[in-house]
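A.B. asks: Could you have a look at this structure, given as C-alpha cells, before my questions?
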Amino acid sequence: MKYAIVMGSHRENSQSLKVGKYIENRIKTLQPDAETYLLNLQTANLPMWDEGLWKGDEKWKTIWSPIAAELQTCDAIIPITPEWSGMATPMLKNFFLLASTNELGHKPGMIVSVSSGRGGSYPVNELRTSSYKNNHICYIPEHLIIRFVTERLNEPEAVDESDTITRERIDYAIGVLELYAENFRNIRAKSEVWKSDTFKFGM
Ligand SMILES: Cc1cc2nc3c(=O)[nH]c(=O)nc-3n(C[C@H](O)[C@H](O)[C@H](O)COP(=O)(O)O)c2cc1C
C-alpha cells in the first residue's frame, strides 16, 4: 500500500508539515509494509496552472511529470490544509487543478484540516464540495480536523488527554483509510466501466 500525503500550507515550518510528518510516521509504524510519498507544496514550487499543462509544454513535463509519476503509484491520498480565512490554501486548490484522473481517479482521499484554534471545518467542506469533480478522487466519510494544532503532536508521547485523543483518532482514521485503499483497488481494476473519453469529466 502506498499513501500520498499532500501538504498544502505555503508557510515555512508549518504546523501542517508537522501533522503530515506525524501521519507519515504513524502509517509506517502501523503498516510496516506501507510506502509513503510526502509532497510538500511549500517547497515544490509548483506554478499556477496554465494551458501549457494540457498542451504538453516542456515546462510542465519537467515540473509535473515526476510528481505525477509518484502519485500514479499511490493507492490513497491524504491532502492536508490549514484553514486560512475559512478556506483551503490556494496551493492545494492549484494541486487539484493540476492532478487528473490519471493520478487521483477512483482513489480514496482522506482530508486533514489544521487550525491553531477552534476552526478547521470550512476547508473540509470546501474540498468535499469542489476539489474532486474532474480528477475523481473519492473522499471517504472519515476526515481529521487537528484543532489547537500548536499544542498537539509535539512530543514523542502525548502530553494530555486532548493530545491522546488526537493521536488515537489519527490511528483510527489511518486504519479506515487502509480498508478503503485495499478495496478501491478492485474498482480501479475495472477500468472498462469507469474509463470513458466521452464522460471524462464529472458533472
Ligand atoms: C492567512 C491566514 C489565515 C488564517 N485564517 C484562519 C481561519 O480562518 N481559521 C482558523 O482556524 N485559523 C486561521 N489561521 C490560523 C491557522 O490556523 C494557523 O496559523 C495554522 O497554524 C496554520 O497552519 P500552517 O502552520 O500549517 O500554515 C490563519 C492563518 C493564516 C496565516
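Residues in the C-alpha cells are named by chain (A, B, ... in the order shown) and by number from 1 within that chain; ligands are numbered from 1 in the order shown.
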So which residues of chain A fall under strand (DSSP E) by DSSP, listed as number ranges by chain?
C.D. replies: A: 2-7, 35-40, 76-82, 108-109, 112-114, 138-139, 144-146
A.B. asks: Can you tell me which residues sit at most 9 Å away from ligand 1, counting only C-alpha atoms and all ligand atoms, written as a PDB file with N, CA and C atoms, in the first residue's frame?
C.D. replies:
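Contents of part-v8.pdb, freshly written:
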ATOM      1  N   MET A   7       0.915  18.070   1.380  1.00  0.00           N
ATOM      2  CA  MET A   7       0.941  19.086   2.429  1.00  0.00           C
ATOM      3  C   MET A   7       0.725  20.463   1.796  1.00  0.00           C
ATOM      4  N   GLY A   8      -0.382  21.113   2.148  1.00  0.00           N
ATOM      5  CA  GLY A   8      -0.841  22.270   1.390  1.00  0.00           C
ATOM      6  C   GLY A   8      -0.519  23.643   1.951  1.00  0.00           C
ATOM      7  N   SER A   9       0.173  23.734   3.096  1.00  0.00           N
ATOM      8  CA  SER A   9       0.482  25.070   3.619  1.00  0.00           C
ATOM      9  C   SER A   9       1.625  25.692   2.830  1.00  0.00           C
ATOM     10  N   HIS A  10       1.574  27.033   2.659  1.00  0.00           N
ATOM     11  CA  HIS A  10       2.672  27.728   1.981  1.00  0.00           C
ATOM     12  C   HIS A  10       3.713  28.207   2.983  1.00  0.00           C
ATOM     13  N   ARG A  11       3.454  28.051   4.270  1.00  0.00           N
ATOM     14  CA  ARG A  11       4.352  28.628   5.276  1.00  0.00           C
ATOM     15  C   ARG A  11       5.545  27.711   5.542  1.00  0.00           C
ATOM     16  N   GLU A  12       6.700  28.345   5.743  1.00  0.00           N
ATOM     17  CA  GLU A  12       7.872  27.573   6.166  1.00  0.00           C
ATOM     18  C   GLU A  12       7.623  27.006   7.552  1.00  0.00           C
ATOM     19  N   ASN A  13       8.134  25.826   7.822  1.00  0.00           N
ATOM     20  CA  ASN A  13       7.987  25.179   9.138  1.00  0.00           C
ATOM     21  C   ASN A  13       6.545  25.213   9.631  1.00  0.00           C
ATOM     22  N   SER A  14       5.650  24.874   8.748  1.00  0.00           N
ATOM     23  CA  SER A  14       4.231  24.994   9.080  1.00  0.00           C
ATOM     24  C   SER A  14       3.780  23.887  10.035  1.00  0.00           C
ATOM     25  N   GLN A  15       2.674  24.168  10.692  1.00  0.00           N
ATOM     26  CA  GLN A  15       2.048  23.157  11.540  1.00  0.00           C
ATOM     27  C   GLN A  15       1.517  22.001  10.675  1.00  0.00           C
ATOM     28  N   SER A  16       1.074  22.323   9.477  1.00  0.00           N
ATOM     29  CA  SER A  16       0.575  21.265   8.585  1.00  0.00           C
ATOM     30  C   SER A  16       1.689  20.274   8.232  1.00  0.00           C
ATOM     31  N   LEU A  17       2.916  20.788   8.063  1.00  0.00           N
ATOM     32  CA  LEU A  17       4.037  19.889   7.772  1.00  0.00           C
ATOM     33  C   LEU A  17       4.300  18.990   8.981  1.00  0.00           C
ATOM     34  N   LYS A  18       4.189  19.568  10.170  1.00  0.00           N
ATOM     35  CA  LYS A  18       4.344  18.765  11.404  1.00  0.00           C
ATOM     36  C   LYS A  18       3.304  17.628  11.412  1.00  0.00           C
ATOM     37  N   VAL A  19       2.067  17.973  11.093  1.00  0.00           N
ATOM     38  CA  VAL A  19       0.991  16.971  11.079  1.00  0.00           C
ATOM     39  C   VAL A  19       1.265  15.921   9.996  1.00  0.00           C
ATOM     40  N   ILE A  80      -3.572  17.655   3.110  1.00  0.00           N
ATOM     41  CA  ILE A  80      -3.566  18.364   4.399  1.00  0.00           C
ATOM     42  C   ILE A  80      -3.605  19.863   4.109  1.00  0.00           C
ATOM     43  N   THR A  81      -4.523  20.568   4.749  1.00  0.00           N
ATOM     44  CA  THR A  81      -4.572  22.015   4.551  1.00  0.00           C
ATOM     45  C   THR A  81      -4.848  22.725   5.868  1.00  0.00           C
ATOM     46  N   PRO A  82      -4.167  23.848   6.108  1.00  0.00           N
ATOM     47  CA  PRO A  82      -4.603  24.695   7.214  1.00  0.00           C
ATOM     48  C   PRO A  82      -5.879  25.428   6.797  1.00  0.00           C
ATOM     49  N   GLU A  83      -6.632  25.895   7.782  1.00  0.00           N
ATOM     50  CA  GLU A  83      -7.751  26.787   7.460  1.00  0.00           C
ATOM     51  C   GLU A  83      -7.207  28.202   7.402  1.00  0.00           C
ATOM     52  N   TRP A  84      -7.279  28.798   6.232  1.00  0.00           N
ATOM     53  CA  TRP A  84      -6.817  30.179   6.035  1.00  0.00           C
ATOM     54  C   TRP A  84      -8.010  31.013   5.601  1.00  0.00           C
ATOM     55  N   SER A  85      -8.375  31.947   6.436  1.00  0.00           N
ATOM     56  CA  SER A  85      -9.559  32.784   6.160  1.00  0.00           C
ATOM     57  C   SER A  85     -10.756  31.914   5.770  1.00  0.00           C
ATOM     58  N   GLY A  86     -10.911  30.837   6.488  1.00  0.00           N
ATOM     59  CA  GLY A  86     -12.045  29.945   6.249  1.00  0.00           C
ATOM     60  C   GLY A  86     -11.933  29.133   4.970  1.00  0.00           C
ATOM     61  N   MET A  87     -10.715  29.051   4.403  1.00  0.00           N
ATOM     62  CA  MET A  87     -10.569  28.357   3.114  1.00  0.00           C
ATOM     63  C   MET A  87      -9.433  27.327   3.165  1.00  0.00           C
ATOM     64  N   THR A  89      -5.981  26.128   1.232  1.00  0.00           N
ATOM     65  CA  THR A  89      -4.952  27.025   0.680  1.00  0.00           C
ATOM     66  C   THR A  89      -5.017  27.068  -0.856  1.00  0.00           C
ATOM     67  N   SER A 113      -7.544  18.673   8.032  1.00  0.00           N
ATOM     68  CA  SER A 113      -7.576  20.130   8.158  1.00  0.00           C
ATOM     69  C   SER A 113      -6.927  20.527   9.483  1.00  0.00           C
ATOM     70  N   VAL A 114      -6.270  21.687   9.467  1.00  0.00           N
ATOM     71  CA  VAL A 114      -5.448  22.108  10.606  1.00  0.00           C
ATOM     72  C   VAL A 114      -5.852  23.521  11.025  1.00  0.00           C
ATOM     73  N   SER A 115      -5.964  23.736  12.320  1.00  0.00           N
ATOM     74  CA  SER A 115      -6.261  25.086  12.822  1.00  0.00           C
ATOM     75  C   SER A 115      -5.521  25.311  14.131  1.00  0.00           C
ATOM     76  N   SER A 116      -5.057  26.542  14.305  1.00  0.00           N
ATOM     77  CA  SER A 116      -4.420  26.852  15.591  1.00  0.00           C
ATOM     78  C   SER A 116      -5.472  27.132  16.661  1.00  0.00           C
ATOM     79  N   GLY A 117      -6.739  27.248  16.257  1.00  0.00           N
ATOM     80  CA  GLY A 117      -7.814  27.481  17.216  1.00  0.00           C
ATOM     81  C   GLY A 117      -8.906  26.448  17.074  1.00  0.00           C
ATOM     82  N   ARG A 118     -10.170  26.925  17.144  1.00  0.00           N
ATOM     83  CA  ARG A 118     -11.307  26.004  17.060  1.00  0.00           C
ATOM     84  C   ARG A 118     -11.799  25.807  15.631  1.00  0.00           C
ATOM     85  N   GLY A 119     -11.112  26.415  14.655  1.00  0.00           N
ATOM     86  CA  GLY A 119     -11.573  26.325  13.264  1.00  0.00           C
ATOM     87  C   GLY A 119     -11.222  24.990  12.624  1.00  0.00           C
ATOM     88  N   GLY A 120     -11.229  24.982  11.303  1.00  0.00           N
ATOM     89  CA  GLY A 120     -10.788  23.792  10.575  1.00  0.00           C
ATOM     90  C   GLY A 120     -11.881  23.076   9.816  1.00  0.00           C
ATOM     91  N   SER A 121     -13.153  23.429  10.066  1.00  0.00           N
ATOM     92  CA  SER A 121     -14.217  22.678   9.385  1.00  0.00           C
ATOM     93  C   SER A 121     -14.460  23.189   7.958  1.00  0.00           C
ATOM     94  N   TYR A 122     -14.197  24.486   7.717  1.00  0.00           N
ATOM     95  CA  TYR A 122     -14.510  25.029   6.384  1.00  0.00           C
ATOM     96  C   TYR A 122     -13.710  24.371   5.258  1.00  0.00           C
ATOM     97  N   ARG A 147      -7.418  20.524  15.712  1.00  0.00           N
ATOM     98  CA  ARG A 147      -7.634  21.859  16.311  1.00  0.00           C
ATOM     99  C   ARG A 147      -6.555  22.123  17.368  1.00  0.00           C
ATOM    100  N   PHE A 148      -6.331  23.386  17.670  1.00  0.00           N
ATOM    101  CA  PHE A 148      -5.282  23.791  18.633  1.00  0.00           C
ATOM    102  C   PHE A 148      -3.976  23.062  18.303  1.00  0.00           C
ATOM    103  N   VAL A 149      -3.651  23.103  17.002  1.00  0.00           N
ATOM    104  CA  VAL A 149      -2.573  22.250  16.480  1.00  0.00           C
ATOM    105  C   VAL A 149      -1.222  22.540  17.132  1.00  0.00           C
ATOM    106  N   THR A 150      -0.989  23.789  17.551  1.00  0.00           N
ATOM    107  CA  THR A 150       0.327  24.086  18.141  1.00  0.00           C
ATOM    108  C   THR A 150       0.526  23.360  19.474  1.00  0.00           C
TER     109      THR A 150
END
A.B. asks: With a distance cut-off of 12 Å and only C-alpha atoms, select the neighbouring residues of Asn183 of chain A, excluding the residue or stretch itself and same-chain residues fewer than 3 positions from it, and output the selection as number ranges by chain.
C.D. replies: A: 1, 75-76, 106-108, 176-180, 186-189
A.B. asks: Write out, as a PDB file, in the first residue's frame, the residues just selected, with N, CA and C atoms.
C.D. replies:
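Output saved as part-v1.pdb:
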ATOM      1  N   MET A   1       0.845  -1.200   0.000  1.00  0.00           N
ATOM      2  CA  MET A   1       0.000   0.000   0.000  1.00  0.00           C
ATOM      3  C   MET A   1       0.879   1.248   0.000  1.00  0.00           C
ATOM      4  N   ASP A  75      -1.988   4.442  -3.680  1.00  0.00           N
ATOM      5  CA  ASP A  75      -3.316   3.832  -3.529  1.00  0.00           C
ATOM      6  C   ASP A  75      -4.290   4.747  -2.797  1.00  0.00           C
ATOM      7  N   ALA A  76      -3.775   5.727  -2.078  1.00  0.00           N
ATOM      8  CA  ALA A  76      -4.655   6.595  -1.283  1.00  0.00           C
ATOM      9  C   ALA A  76      -3.985   7.962  -1.153  1.00  0.00           C
ATOM     10  N   HIS A 106     -10.492   7.561  -8.762  1.00  0.00           N
ATOM     11  CA  HIS A 106     -11.009   6.406  -8.026  1.00  0.00           C
ATOM     12  C   HIS A 106     -10.026   5.907  -6.973  1.00  0.00           C
ATOM     13  N   LYS A 107      -9.356   6.878  -6.356  1.00  0.00           N
ATOM     14  CA  LYS A 107      -8.512   6.569  -5.196  1.00  0.00           C
ATOM     15  C   LYS A 107      -9.132   7.229  -3.968  1.00  0.00           C
ATOM     16  N   PRO A 108      -9.131   6.530  -2.836  1.00  0.00           N
ATOM     17  CA  PRO A 108      -9.723   7.133  -1.644  1.00  0.00           C
ATOM     18  C   PRO A 108      -8.871   8.278  -1.124  1.00  0.00           C
ATOM     19  N   VAL A 176      -9.014   3.112   8.869  1.00  0.00           N
ATOM     20  CA  VAL A 176     -10.183   3.149   7.983  1.00  0.00           C
ATOM     21  C   VAL A 176      -9.737   3.401   6.542  1.00  0.00           C
ATOM     22  N   LEU A 177      -8.803   4.327   6.381  1.00  0.00           N
ATOM     23  CA  LEU A 177      -8.315   4.639   5.021  1.00  0.00           C
ATOM     24  C   LEU A 177      -7.663   3.413   4.381  1.00  0.00           C
ATOM     25  N   GLU A 178      -6.945   2.642   5.170  1.00  0.00           N
ATOM     26  CA  GLU A 178      -6.305   1.433   4.629  1.00  0.00           C
ATOM     27  C   GLU A 178      -7.353   0.480   4.037  1.00  0.00           C
ATOM     28  N   LEU A 179      -8.474   0.327   4.764  1.00  0.00           N
ATOM     29  CA  LEU A 179      -9.548  -0.547   4.277  1.00  0.00           C
ATOM     30  C   LEU A 179     -10.068  -0.085   2.923  1.00  0.00           C
ATOM     31  N   TYR A 180     -10.326   1.229   2.833  1.00  0.00           N
ATOM     32  CA  TYR A 180     -10.798   1.780   1.559  1.00  0.00           C
ATOM     33  C   TYR A 180      -9.749   1.581   0.463  1.00  0.00           C
ATOM     34  N   ASN A 186      -9.952  -2.850  -6.360  1.00  0.00           N
ATOM     35  CA  ASN A 186     -10.903  -3.614  -7.181  1.00  0.00           C
ATOM     36  C   ASN A 186     -11.653  -2.700  -8.138  1.00  0.00           C
ATOM     37  N   ILE A 187     -11.996  -1.505  -7.656  1.00  0.00           N
ATOM     38  CA  ILE A 187     -12.717  -0.560  -8.517  1.00  0.00           C
ATOM     39  C   ILE A 187     -11.814  -0.100  -9.655  1.00  0.00           C
ATOM     40  N   ARG A 188     -10.582   0.259  -9.307  1.00  0.00           N
ATOM     41  CA  ARG A 188      -9.675   0.765 -10.363  1.00  0.00           C
ATOM     42  C   ARG A 188      -9.357  -0.314 -11.393  1.00  0.00           C
ATOM     43  N   ALA A 189      -9.382  -1.584 -10.951  1.00  0.00           N
ATOM     44  CA  ALA A 189      -9.066  -2.677 -11.881  1.00  0.00           C
ATOM     45  C   ALA A 189     -10.131  -2.801 -12.974  1.00  0.00           C
TER      46      ALA A 189
END
A.B. asks: Just checking: using only C-alpha atoms, which residue out of A:Lys2, A:Asn45, A:Val193, A:Val124 ends up closest to Ile63 of chain A?
C.D. replies: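 Using only C-alpha atoms, the shortest distance to Ile63 of chain A belongs to A:Asn45.
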A.B. asks: What's around segment 64-72 of chain A at 12 Å? Count only C-alpha atoms, leave out sequence neighbours fewer than 4 positions away in its own chain, and write the answer as a PDB file with N, CA and C atoms, in the first residue's frame.
C.D. replies:
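Heads up, here's the output in out-v3.pdb:
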ATOM      1  N   LYS A   2       0.525   2.200  -0.840  1.00  0.00           N
ATOM      2  CA  LYS A   2       1.322   3.435  -0.884  1.00  0.00           C
ATOM      3  C   LYS A   2       0.391   4.647  -0.710  1.00  0.00           C
ATOM      4  N   TYR A   3       0.792   5.507   0.211  1.00  0.00           N
ATOM      5  CA  TYR A   3      -0.019   6.675   0.562  1.00  0.00           C
ATOM      6  C   TYR A   3       0.685   7.951   0.112  1.00  0.00           C
ATOM      7  N   ALA A   4      -0.056   8.829  -0.574  1.00  0.00           N
ATOM      8  CA  ALA A   4       0.458  10.172  -0.876  1.00  0.00           C
ATOM      9  C   ALA A   4      -0.060  11.133   0.186  1.00  0.00           C
ATOM     10  N   ILE A   5       0.860  11.868   0.785  1.00  0.00           N
ATOM     11  CA  ILE A   5       0.484  12.902   1.758  1.00  0.00           C
ATOM     12  C   ILE A   5       0.805  14.239   1.087  1.00  0.00           C
ATOM     13  N   VAL A   6      -0.226  15.025   0.829  1.00  0.00           N
ATOM     14  CA  VAL A   6      -0.039  16.281   0.090  1.00  0.00           C
ATOM     15  C   VAL A   6      -0.209  17.440   1.059  1.00  0.00           C
ATOM     16  N   GLU A  35       4.275   2.127   1.926  1.00  0.00           N
ATOM     17  CA  GLU A  35       5.183   3.183   1.447  1.00  0.00           C
ATOM     18  C   GLU A  35       4.456   4.519   1.541  1.00  0.00           C
ATOM     19  N   THR A  36       5.223   5.595   1.609  1.00  0.00           N
ATOM     20  CA  THR A  36       4.622   6.925   1.638  1.00  0.00           C
ATOM     21  C   THR A  36       5.333   7.833   0.640  1.00  0.00           C
ATOM     22  N   TYR A  37       4.581   8.831   0.189  1.00  0.00           N
ATOM     23  CA  TYR A  37       5.147   9.892  -0.674  1.00  0.00           C
ATOM     24  C   TYR A  37       4.644  11.214  -0.111  1.00  0.00           C
ATOM     25  N   LEU A  38       5.537  11.953   0.496  1.00  0.00           N
ATOM     26  CA  LEU A  38       5.157  13.237   1.087  1.00  0.00           C
ATOM     27  C   LEU A  38       5.463  14.346   0.092  1.00  0.00           C
ATOM     28  N   LEU A  39       4.414  14.952  -0.449  1.00  0.00           N
ATOM     29  CA  LEU A  39       4.571  16.078  -1.388  1.00  0.00           C
ATOM     30  C   LEU A  39       4.340  17.366  -0.608  1.00  0.00           C
ATOM     31  N   ASN A  40       5.408  18.131  -0.422  1.00  0.00           N
ATOM     32  CA  ASN A  40       5.329  19.377   0.338  1.00  0.00           C
ATOM     33  C   ASN A  40       5.148  20.530  -0.651  1.00  0.00           C
ATOM     34  N   LEU A  41       3.947  21.064  -0.719  1.00  0.00           N
ATOM     35  CA  LEU A  41       3.676  22.103  -1.722  1.00  0.00           C
ATOM     36  C   LEU A  41       4.365  23.422  -1.378  1.00  0.00           C
ATOM     37  N   ALA A  44       7.718  22.561  -3.191  1.00  0.00           N
ATOM     38  CA  ALA A  44       7.644  22.005  -4.552  1.00  0.00           C
ATOM     39  C   ALA A  44       7.643  23.094  -5.628  1.00  0.00           C
ATOM     40  N   ASN A  45       7.309  24.323  -5.237  1.00  0.00           N
ATOM     41  CA  ASN A  45       7.323  25.468  -6.172  1.00  0.00           C
ATOM     42  C   ASN A  45       6.523  25.196  -7.449  1.00  0.00           C
ATOM     43  N   LEU A  46       5.343  24.655  -7.296  1.00  0.00           N
ATOM     44  CA  LEU A  46       4.505  24.408  -8.471  1.00  0.00           C
ATOM     45  C   LEU A  46       3.920  25.722  -8.965  1.00  0.00           C
ATOM     46  N   PRO A  47       4.092  26.051 -10.255  1.00  0.00           N
ATOM     47  CA  PRO A  47       3.446  27.267 -10.773  1.00  0.00           C
ATOM     48  C   PRO A  47       1.931  27.101 -10.755  1.00  0.00           C
ATOM     49  N   MET A  48       1.222  28.222 -10.848  1.00  0.00           N
ATOM     50  CA  MET A  48      -0.222  28.127 -11.012  1.00  0.00           C
ATOM     51  C   MET A  48      -0.522  27.482 -12.360  1.00  0.00           C
ATOM     52  N   TRP A  49      -1.591  26.738 -12.411  1.00  0.00           N
ATOM     53  CA  TRP A  49      -1.999  26.046 -13.631  1.00  0.00           C
ATOM     54  C   TRP A  49      -2.025  27.007 -14.821  1.00  0.00           C
ATOM     55  N   GLY A  52      -0.523  25.348 -20.840  1.00  0.00           N
ATOM     56  CA  GLY A  52       0.631  24.565 -21.274  1.00  0.00           C
ATOM     57  C   GLY A  52       0.628  23.155 -20.701  1.00  0.00           C
ATOM     58  N   LEU A  53      -0.010  22.990 -19.551  1.00  0.00           N
ATOM     59  CA  LEU A  53      -0.074  21.646 -18.944  1.00  0.00           C
ATOM     60  C   LEU A  53      -0.768  20.670 -19.883  1.00  0.00           C
ATOM     61  N   TRP A  54      -1.897  21.115 -20.442  1.00  0.00           N
ATOM     62  CA  TRP A  54      -2.670  20.233 -21.325  1.00  0.00           C
ATOM     63  C   TRP A  54      -2.039  20.125 -22.712  1.00  0.00           C
ATOM     64  N   GLY A  56       1.139  19.947 -23.183  1.00  0.00           N
ATOM     65  CA  GLY A  56       2.374  19.168 -23.047  1.00  0.00           C
ATOM     66  C   GLY A  56       3.641  19.997 -23.105  1.00  0.00           C
ATOM     67  N   ASP A  57       3.581  21.268 -22.660  1.00  0.00           N
ATOM     68  CA  ASP A  57       4.772  22.129 -22.666  1.00  0.00           C
ATOM     69  C   ASP A  57       5.906  21.507 -21.851  1.00  0.00           C
ATOM     70  N   GLU A  58       7.135  21.774 -22.332  1.00  0.00           N
ATOM     71  CA  GLU A  58       8.329  21.226 -21.665  1.00  0.00           C
ATOM     72  C   GLU A  58       8.368  21.620 -20.187  1.00  0.00           C
ATOM     73  N   LYS A  59       7.984  22.889 -19.913  1.00  0.00           N
ATOM     74  CA  LYS A  59       7.998  23.384 -18.527  1.00  0.00           C
ATOM     75  C   LYS A  59       7.226  22.432 -17.615  1.00  0.00           C
ATOM     76  N   TRP A  60       6.046  22.051 -18.068  1.00  0.00           N
ATOM     77  CA  TRP A  60       5.212  21.200 -17.228  1.00  0.00           C
ATOM     78  C   TRP A  60       5.728  19.772 -17.173  1.00  0.00           C
ATOM     79  N   ALA A  76      -3.775   5.727  -2.078  1.00  0.00           N
ATOM     80  CA  ALA A  76      -4.655   6.595  -1.283  1.00  0.00           C
ATOM     81  C   ALA A  76      -3.985   7.962  -1.153  1.00  0.00           C
ATOM     82  N   ILE A  77      -4.807   8.989  -0.984  1.00  0.00           N
ATOM     83  CA  ILE A  77      -4.300  10.364  -0.957  1.00  0.00           C
ATOM     84  C   ILE A  77      -4.747  11.028   0.344  1.00  0.00           C
ATOM     85  N   ILE A  78      -3.819  11.713   1.001  1.00  0.00           N
ATOM     86  CA  ILE A  78      -4.144  12.432   2.239  1.00  0.00           C
ATOM     87  C   ILE A  78      -3.787  13.910   2.033  1.00  0.00           C
ATOM     88  N   PHE A  95      -3.108  22.402  -6.827  1.00  0.00           N
ATOM     89  CA  PHE A  95      -2.747  20.984  -6.978  1.00  0.00           C
ATOM     90  C   PHE A  95      -3.918  20.208  -7.598  1.00  0.00           C
ATOM     91  N   PHE A  96      -5.135  20.523  -7.145  1.00  0.00           N
ATOM     92  CA  PHE A  96      -6.290  19.779  -7.658  1.00  0.00           C
ATOM     93  C   PHE A  96      -6.664  20.196  -9.089  1.00  0.00           C
ATOM     94  N   LEU A  97      -6.136  21.354  -9.547  1.00  0.00           N
ATOM     95  CA  LEU A  97      -6.271  21.699 -10.971  1.00  0.00           C
ATOM     96  C   LEU A  97      -5.262  20.915 -11.806  1.00  0.00           C
ATOM     97  N   LEU A  98      -4.079  20.716 -11.248  1.00  0.00           N
ATOM     98  CA  LEU A  98      -3.004  20.042 -11.990  1.00  0.00           C
ATOM     99  C   LEU A  98      -3.236  18.531 -12.070  1.00  0.00           C
ATOM    100  N   ALA A  99      -3.719  17.959 -10.982  1.00  0.00           N
ATOM    101  CA  ALA A  99      -3.868  16.495 -10.922  1.00  0.00           C
ATOM    102  C   ALA A  99      -5.117  16.054 -11.682  1.00  0.00           C
ATOM    103  N   SER A 100      -4.988  14.967 -12.400  1.00  0.00           N
ATOM    104  CA  SER A 100      -6.101  14.455 -13.210  1.00  0.00           C
ATOM    105  C   SER A 100      -6.508  13.070 -12.713  1.00  0.00           C
ATOM    106  N   THR A 101      -7.455  12.492 -13.435  1.00  0.00           N
ATOM    107  CA  THR A 101      -7.867  11.110 -13.128  1.00  0.00           C
ATOM    108  C   THR A 101      -6.675  10.159 -13.169  1.00  0.00           C
ATOM    109  N   ASN A 102      -5.699  10.447 -14.036  1.00  0.00           N
ATOM    110  CA  ASN A 102      -4.521   9.567 -14.125  1.00  0.00           C
ATOM    111  C   ASN A 102      -3.823   9.422 -12.777  1.00  0.00           C
ATOM    112  N   GLU A 103      -3.811  10.502 -12.018  1.00  0.00           N
ATOM    113  CA  GLU A 103      -3.089  10.457 -10.735  1.00  0.00           C
ATOM    114  C   GLU A 103      -4.016  10.105  -9.567  1.00  0.00           C
ATOM    115  N   LEU A 104      -5.259  10.620  -9.598  1.00  0.00           N
ATOM    116  CA  LEU A 104      -6.117  10.521  -8.407  1.00  0.00           C
ATOM    117  C   LEU A 104      -7.397   9.721  -8.618  1.00  0.00           C
ATOM    118  N   GLY A 105      -7.703   9.370  -9.875  1.00  0.00           N
ATOM    119  CA  GLY A 105      -9.012   8.817 -10.179  1.00  0.00           C
ATOM    120  C   GLY A 105      -9.348   7.551  -9.410  1.00  0.00           C
ATOM    121  N   HIS A 106     -10.492   7.561  -8.762  1.00  0.00           N
ATOM    122  CA  HIS A 106     -11.009   6.406  -8.026  1.00  0.00           C
ATOM    123  C   HIS A 106     -10.026   5.907  -6.973  1.00  0.00           C
ATOM    124  N   LYS A 107      -9.356   6.878  -6.356  1.00  0.00           N
ATOM    125  CA  LYS A 107      -8.512   6.569  -5.196  1.00  0.00           C
ATOM    126  C   LYS A 107      -9.132   7.229  -3.968  1.00  0.00           C
ATOM    127  N   ILE A 137     -11.062  11.973  -7.411  1.00  0.00           N
ATOM    128  CA  ILE A 137     -10.674  11.463  -6.097  1.00  0.00           C
ATOM    129  C   ILE A 137     -11.957  11.163  -5.321  1.00  0.00           C
ATOM    130  N   ARG A 188     -10.582   0.259  -9.307  1.00  0.00           N
ATOM    131  CA  ARG A 188      -9.675   0.765 -10.363  1.00  0.00           C
ATOM    132  C   ARG A 188      -9.357  -0.314 -11.393  1.00  0.00           C
TER     133      ARG A 188
END
